[in-house]
Amino acid sequence: MLTGPIIAEFDAVVGFSRSTSDAPGRGRVAMTPSQIRVRADGTARRIDVDDIFDVVRDVSVAASADSTETVTLAFDAGGRRETLDVKANAATLVKFQRLVFKRLLVDADVAVARRRADDDTDDRRPCRLDVSATEIRFEPADRASRITVRRDDVARFSLSGTDVPAVVLYLRAADRVERLSVRFPSFRLLNLFGRYLRADLLAVDALGSVSDGDGAVEALLVDDDRLSREMTRVFLQEQSSRLSITEAESARAALERLSEAGGAKRIDCVVSDYKMPVMDGIEFLGAVRDRHPTLPFILYTGRGSEAVAKKAILDDVTDYVEKDVGPKQYEILAERIEKAVR
């Protein structure tokens, strides 16, 4: 007997990793808020939702609705790991996996900090998490205003590369670019949240993704502001699958990178901020021109300095792009990079 009202029920081909049957068979799956029941081969088995610790395989919402796909759930079965494969049409499985993610993530205690790219303050607040097919909601414990994020506004996300279970969401908006940092109480919940996002988003790890197709472009991004540098990398790679980004936190670090054996040959274009300590963007441009006179160099900096732009042009800069608010700037910068290396 299932506990609670049935919220999903459908026919599928099902199989357990430790099943005694020779092969997966036709069955019927039913789900309540707390359990999943699978009937197949004349037997029934129930899985507590709280025992599910991973969605090993999910279905992209981009899949054709009538295609046949598989969702695989990993769960704790009395101290041992088992998996359940559920094979059905994509439209059915997308709805099923959304219910699974919602039940697994709802009311999770998280800590959230929302800030713009140029804001490094830590205003993390405890919140309760809720997710749906279209929104991610954070309800603050202090009853302050709820933070609601539309799934369509999440351009990219990166999981923590440290021992802290956290994720950074990169949000696009018409007039600003924001990042939302979410800290989870466990890596299990962080992993499940990452799976929820990956259903229709592409994760970017701490090193960025590398495009290995024909015409790949390797850009060296130089900026002493870590948050600005990270944001630029993420959104550039959203704009073009050709772009692979190497980061440097200073002009000197970038010069060292270029001086490494074969370094200049592996870099197709330099993108540099202007205002940096020790060596600014114009001085860096001069140093690059002394060593690598034909390497494309784009100065990417804030508005309001015609003198800087003029000096950069005189020093043979390839292009000059002004920083702005909103994602449009990254579209422009990506186009300029690809144009510079043609």
# chains A, B, ... in the order shown; residues from 1 in each chain; ligands from 1
>>> residues_around(residues="range 289-294 of chain A", least_positions_apart="3", cutoff="12 Å", atoms="only C-alpha atoms", output="list in words")
Leu255, Glu256, Leu258, Ser259, Gly263, Ala264, Lys265, Ile267, Asp268, Cys269, Val270, Ile282, Glu283, Phe284, Leu285, Gly286, Phe297, Ala312, Leu314, Asp315, Asp316, Val317, Thr318, Ala340 and Val341 of chain A
>>> residues_around(residues="Pro277 in chain A", least_positions_apart="6", cutoff="9 Å", atoms="only C-alpha atoms", output="JSON, numbers by chain")
{"A": [224, 250, 251]}
>>> closest_residue(among="A:Glu9, A:Glu238, A:Asp51, A:Asp273", to="Ala254 in chain A", atoms="only C-alpha atoms")
A:Asp273
>>> closest_residue(among="A:Asp130, A:Ala334, A:Val55, A:Phe184", to="Val110 in chain A", atoms="only C-alpha atoms")
A:Phe184
>>> residues_around(residues="Ala77 in chain A", least_positions_apart="2", cutoff="12 Å", atoms="only C-alpha atoms", output="list in words")
Phe16, Ser17, Arg18, Arg45, Arg46, Ile47, Asp48, Val49, Asp50, Asp51, Ile52, Phe53, Leu73, Ala74, Phe75, Gly79, Arg80, Arg81, Glu82, Thr83 and Leu84 of chain A
>>> select_by_dssp(residues="range 58-112 of chain A", states="strand (DSSP E or B)", output="PDB file with C-alpha atoms, in the first residue's frame")
ATOM      1  CA  THR A  68      12.042   6.813 -25.809  1.00  0.00           C
ATOM      2  CA  GLU A  69      14.364   7.804 -22.966  1.00  0.00           C
ATOM      3  CA  THR A  70      15.561   6.431 -19.624  1.00  0.00           C
ATOM      4  CA  VAL A  71      15.722   7.893 -16.121  1.00  0.00           C
ATOM      5  CA  THR A  72      17.955   6.066 -13.632  1.00  0.00           C
ATOM      6  CA  LEU A  73      17.573   6.580  -9.889  1.00  0.00           C
ATOM      7  CA  ALA A  74      20.190   5.444  -7.363  1.00  0.00           C
ATOM      8  CA  PHE A  75      18.875   4.621  -3.905  1.00  0.00           C
ATOM      9  CA  ASP A  76      19.873   3.086  -0.590  1.00  0.00           C
ATOM     10  CA  ALA A  77      18.439  -0.418  -0.215  1.00  0.00           C
ATOM     11  CA  ARG A  80      23.628  -1.151  -0.307  1.00  0.00           C
ATOM     12  CA  ARG A  81      23.398   0.867  -3.502  1.00  0.00           C
ATOM     13  CA  GLU A  82      20.773  -0.108  -6.056  1.00  0.00           C
ATOM     14  CA  THR A  83      19.490   1.560  -9.187  1.00  0.00           C
ATOM     15  CA  LEU A  84      16.116   1.697 -10.865  1.00  0.00           C
ATOM     16  CA  ASP A  85      15.897   2.205 -14.636  1.00  0.00           C
ATOM     17  CA  VAL A  86      12.620   3.641 -15.920  1.00  0.00           C
ATOM     18  CA  LYS A  87      12.219   3.676 -19.705  1.00  0.00           C
ATOM     19  CA  ALA A  88       9.297   5.521 -21.304  1.00  0.00           C
ATOM     20  CA  ASN A  89       8.540   8.379 -23.691  1.00  0.00           C
ATOM     21  CA  ASP A 109      18.026  24.345   4.288  1.00  0.00           C
ATOM     22  CA  VAL A 110      20.453  26.446   2.230  1.00  0.00           C
ATOM     23  CA  ALA A 111      22.389  29.703   2.611  1.00  0.00           C
ATOM     24  CA  VAL A 112      22.033  32.185  -0.240  1.00  0.00           C
TER      25      VAL A 112
END
>>> atom_distance(atom1="CA of Arg233 in chain A", atom2="CA of Arg198 in chain A")
19.1 Å
>>> closest_residue(among="A:Tyr196, A:Phe10, A:Tyr170, A:Phe138", to="Ala91 in chain A", atoms="only C-alpha atoms")
A:Phe10
>>> residues_around(residues="Val59 in chain A", least_positions_apart="2", cutoff="8 Å", atoms="only C-alpha atoms", output="PyMOL selection string")
chain A and resi 57+61+63+69-71+90+93-94+97+199
>>> atom_distance(atom1="CA of Leu192 in chain A", atom2="CA of Arg156 in chain A")
16.3 Å
>>> residues_around(residues="Ala113 in chain A", least_positions_apart="3", cutoff="10 Å", atoms="only C-alpha atoms", output="number ranges by chain")
A: 121-126, 168, 179-183
>>> residues_around(residues="range 218-223 of chain A", least_positions_apart="4", cutoff="9 Å", atoms="only C-alpha atoms", output="MDAnalysis selection string")
chainID A and resid 210:211 228:229 232:233 242:251 253:254 257 266:276 281 337
>>> closest_residue(among="A:Arg226, A:Arg143, A:Lys323, A:Arg151", to="Gly302 in chain A", atoms="only C-alpha atoms")
A:Lys323
